[in-house]
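Just below is one structure, and these are the notes that go with it.
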Amino acid sequence: MRVIVAGVGYQHLRDHSVGPVVVERLLARAFPGDVVVEDLSYNPIAVMQRLDDEPRERRFERAVFVGAVERGDRAAGAVTAYRWDRGLPDDGEIHRAVTEAVTGVISLDNTLVVTQHFGALPDDVVVIEVEPALQEFGDAFSEAVARAVDQVCDLVGAVISDPSGATRLPRLPLGGRQPISAG
């Protein structure tokens, strides 16, 4: 199975640097040749083009995206892992995501929404989010996020080394929350 592991985040923005730091640490590990580890912390339109440029016979079958996402209802440093159901928001939210992408906003959610909207993602997408505590210039993580980084690296390693491991993760909408049932 051909897999891309993608970190998304800002360099030197404390806890929001989780994605690039995880990529840096993972590059020091040995993975099979069918695993590509890359920092995709750039314009989501360019990420979509990068994924779309893969030769048809070498397309990724699974993508693992890692980054800090402030959801506000989790403790700092909390790690959430799920298989994204690839559901997209309404057209207005997609337009907002594309607009933010063009203006240089780098965010895990935007990257996923834009690349899915334009059909560049594989069918199997694993999302690993870390709840940040600090969003300010600097290189040091908060204590909570610093403790989570090794856990995230190990989780990515487990998803890669056991291809069926990802299938045990819940399939959830973006944000990793169970949908609220009407009724």
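Quick note on naming: the chains in the structure tokens go A, B, ... in the order shown, residues restart at 1 in each chain, and ligands are numbered from 1 in order of appearance.
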
Any chance you could tabulate, as JSON lines, the residues of region 98-127 of chain A at most 10 Å from region 69-77 of chain A with each one's nearest atom pair and distance in Å to one decimal, using only C-alpha atoms, in chain and rising number order?
{"residue": "A:Ser107", "atom": "CA", "partner": "A:Val69", "partner_atom": "CA", "distance": 7.8}
{"residue": "A:Leu108", "atom": "CA", "partner": "A:Val69", "partner_atom": "CA", "distance": 7.0}
{"residue": "A:Asp109", "atom": "CA", "partner": "A:Val69", "partner_atom": "CA", "distance": 7.9}

Fewer than 6 positions away in the same chain doesn't count, so skip those; otherwise give me all residues within 9 Å of Phe31 (chain A), counting only C-alpha atoms, as a tab-separated table (two decimals) with N, CA and C atoms, in the first residue's frame.
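What landed in part.tsv:
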chain	number	residue	atom	x	y	z
A	157	GLY	N	3.63	5.64	13.17
A	157	GLY	CA	4.40	4.43	12.90
A	157	GLY	C	3.52	3.19	12.93
A	160	ILE	N	1.30	2.95	9.86
A	160	ILE	CA	2.07	2.57	8.68
A	160	ILE	C	2.48	1.10	8.73
A	161	SER	N	2.95	0.65	9.88
A	161	SER	CA	3.48	-0.72	9.97
A	161	SER	C	2.39	-1.78	9.93

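Coordinates place CA of Ile106 (chain A) at a distance of 7.2 Å from CA of Tyr10 (chain A).
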
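Relative to CA of Val114 (chain A), CA of Leu174 (chain A) is found at 12.6 Å.
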
Write out as a ChimeraX atom specification which residues come within 12 Å of Ala158 (chain A) when counting only C-alpha atoms, dropping same-chain ones fewer than 3 positions away.
/A:31,64,81,151-155,161-169

As a PDB file with C-alpha atoms, in the first residue's frame, which residues of region 7-181 of chain A does DSSP assign to alpha helix (DSSP H)?
ATOM      1  CA  VAL A  18       3.362  19.883  15.543  1.00  0.00           C
ATOM      2  CA  GLY A  19       2.908  18.754  11.922  1.00  0.00           C
ATOM      3  CA  PRO A  20       6.326  19.881  10.656  1.00  0.00           C
ATOM      4  CA  VAL A  21       8.101  18.612  13.796  1.00  0.00           C
ATOM      5  CA  VAL A  22       6.455  15.191  13.521  1.00  0.00           C
ATOM      6  CA  VAL A  23       7.593  14.986   9.884  1.00  0.00           C
ATOM      7  CA  GLU A  24      11.136  15.934  10.898  1.00  0.00           C
ATOM      8  CA  ARG A  25      11.191  13.194  13.554  1.00  0.00           C
ATOM      9  CA  LEU A  26       9.626  10.607  11.259  1.00  0.00           C
ATOM     10  CA  PRO A  44      -3.578  23.803   0.007  1.00  0.00           C
ATOM     11  CA  ILE A  45      -4.033  24.468  -3.729  1.00  0.00           C
ATOM     12  CA  ALA A  46      -0.354  23.580  -4.218  1.00  0.00           C
ATOM     13  CA  VAL A  47      -0.814  20.511  -1.960  1.00  0.00           C
ATOM     14  CA  MET A  48      -3.703  19.438  -4.175  1.00  0.00           C
ATOM     15  CA  GLN A  49      -1.507  19.890  -7.256  1.00  0.00           C
ATOM     16  CA  ARG A  50       1.369  17.979  -5.623  1.00  0.00           C
ATOM     17  CA  LEU A  51      -0.918  15.011  -4.857  1.00  0.00           C
ATOM     18  CA  ASP A  52      -2.559  15.203  -8.273  1.00  0.00           C
ATOM     19  CA  ASP A  91     -20.426  25.337  -0.586  1.00  0.00           C
ATOM     20  CA  GLY A  92     -19.941  28.537   1.433  1.00  0.00           C
ATOM     21  CA  GLU A  93     -17.427  26.842   3.729  1.00  0.00           C
ATOM     22  CA  ILE A  94     -15.604  25.311   0.769  1.00  0.00           C
ATOM     23  CA  HIS A  95     -15.392  28.768  -0.822  1.00  0.00           C
ATOM     24  CA  ARG A  96     -14.012  30.164   2.460  1.00  0.00           C
ATOM     25  CA  ALA A  97     -11.422  27.352   2.628  1.00  0.00           C
ATOM     26  CA  VAL A  98     -10.262  28.006  -0.947  1.00  0.00           C
ATOM     27  CA  THR A  99     -10.119  31.770  -0.283  1.00  0.00           C
ATOM     28  CA  GLU A 100      -8.039  31.210   2.856  1.00  0.00           C
ATOM     29  CA  ALA A 101      -5.791  28.824   0.938  1.00  0.00           C
ATOM     30  CA  VAL A 102      -5.134  31.454  -1.717  1.00  0.00           C
ATOM     31  CA  LEU A 108      -5.091  21.078   8.595  1.00  0.00           C
ATOM     32  CA  ASP A 109      -8.831  21.535   8.054  1.00  0.00           C
ATOM     33  CA  ASN A 110      -8.347  23.820   5.030  1.00  0.00           C
ATOM     34  CA  THR A 111      -5.801  21.485   3.483  1.00  0.00           C
ATOM     35  CA  LEU A 112      -8.160  18.538   3.818  1.00  0.00           C
ATOM     36  CA  VAL A 113     -11.245  20.399   2.572  1.00  0.00           C
ATOM     37  CA  VAL A 114      -9.486  21.912  -0.450  1.00  0.00           C
ATOM     38  CA  THR A 115      -7.678  18.743  -1.516  1.00  0.00           C
ATOM     39  CA  GLN A 116     -10.841  16.648  -1.090  1.00  0.00           C
ATOM     40  CA  HIS A 117     -12.981  19.195  -2.934  1.00  0.00           C
ATOM     41  CA  GLU A 143       4.473  20.978  28.200  1.00  0.00           C
ATOM     42  CA  ALA A 144       1.247  19.201  27.222  1.00  0.00           C
ATOM     43  CA  VAL A 145       2.006  19.210  23.501  1.00  0.00           C
ATOM     44  CA  ALA A 146       5.657  18.288  24.039  1.00  0.00           C
ATOM     45  CA  ARG A 147       4.457  15.157  25.845  1.00  0.00           C
ATOM     46  CA  ALA A 148       2.150  14.304  22.929  1.00  0.00           C
ATOM     47  CA  VAL A 149       4.668  14.517  20.080  1.00  0.00           C
ATOM     48  CA  ASP A 150       6.310  11.125  20.699  1.00  0.00           C
ATOM     49  CA  GLN A 151       2.854   9.556  21.059  1.00  0.00           C
ATOM     50  CA  VAL A 152       1.860  11.011  17.681  1.00  0.00           C
ATOM     51  CA  CYS A 153       5.050   9.710  16.041  1.00  0.00           C
ATOM     52  CA  ASP A 154       4.422   6.248  17.485  1.00  0.00           C
ATOM     53  CA  LEU A 155       0.793   6.347  16.347  1.00  0.00           C
ATOM     54  CA  VAL A 156       1.846   7.240  12.804  1.00  0.00           C
ATOM     55  CA  GLY A 157       4.397   4.425  12.895  1.00  0.00           C
ATOM     56  CA  ALA A 158       1.708   1.973  14.015  1.00  0.00           C
ATOM     57  CA  VAL A 159      -0.688   3.050  11.254  1.00  0.00           C
ATOM     58  CA  ILE A 160       2.075   2.567   8.678  1.00  0.00           C
ATOM     59  CA  SER A 161       3.477  -0.716   9.966  1.00  0.00           C
TER      60      SER A 161
END

Between CA of Pro32 (chain A) and CA of Phe118 (chain A), measure the distance and give it in Å to one decimal.
28.5 Å

Can you pull out every residue within 9 Å of Phe65 (chain A), counting only C-alpha atoms, but drop anything in the same chain fewer than 4 positions away, and send it as a PDB file with C-alpha atoms, in the first residue's frame?
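New file part.pdb:
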ATOM      1  CA  ILE A   4       1.835   9.565   2.275  1.00  0.00           C
ATOM      2  CA  VAL A   5       2.343  10.930   5.785  1.00  0.00           C
ATOM      3  CA  ALA A   6       1.818  14.679   5.719  1.00  0.00           C
ATOM      4  CA  GLY A   7       2.559  17.177   8.445  1.00  0.00           C
ATOM      5  CA  VAL A   8       0.657  20.465   8.264  1.00  0.00           C
ATOM      6  CA  GLY A  19       2.908  18.754  11.922  1.00  0.00           C
ATOM      7  CA  LEU A 108      -5.091  21.078   8.595  1.00  0.00           C
ATOM      8  CA  LEU A 112      -8.160  18.538   3.818  1.00  0.00           C
ATOM      9  CA  VAL A 125      -7.520   9.387   4.931  1.00  0.00           C
ATOM     10  CA  VAL A 126      -6.324   9.184   8.534  1.00  0.00           C
ATOM     11  CA  VAL A 127      -6.281  12.400  10.545  1.00  0.00           C
ATOM     12  CA  ILE A 128      -4.205  12.821  13.700  1.00  0.00           C
ATOM     13  CA  GLU A 129      -4.889  16.058  15.549  1.00  0.00           C
TER      14      GLU A 129
END
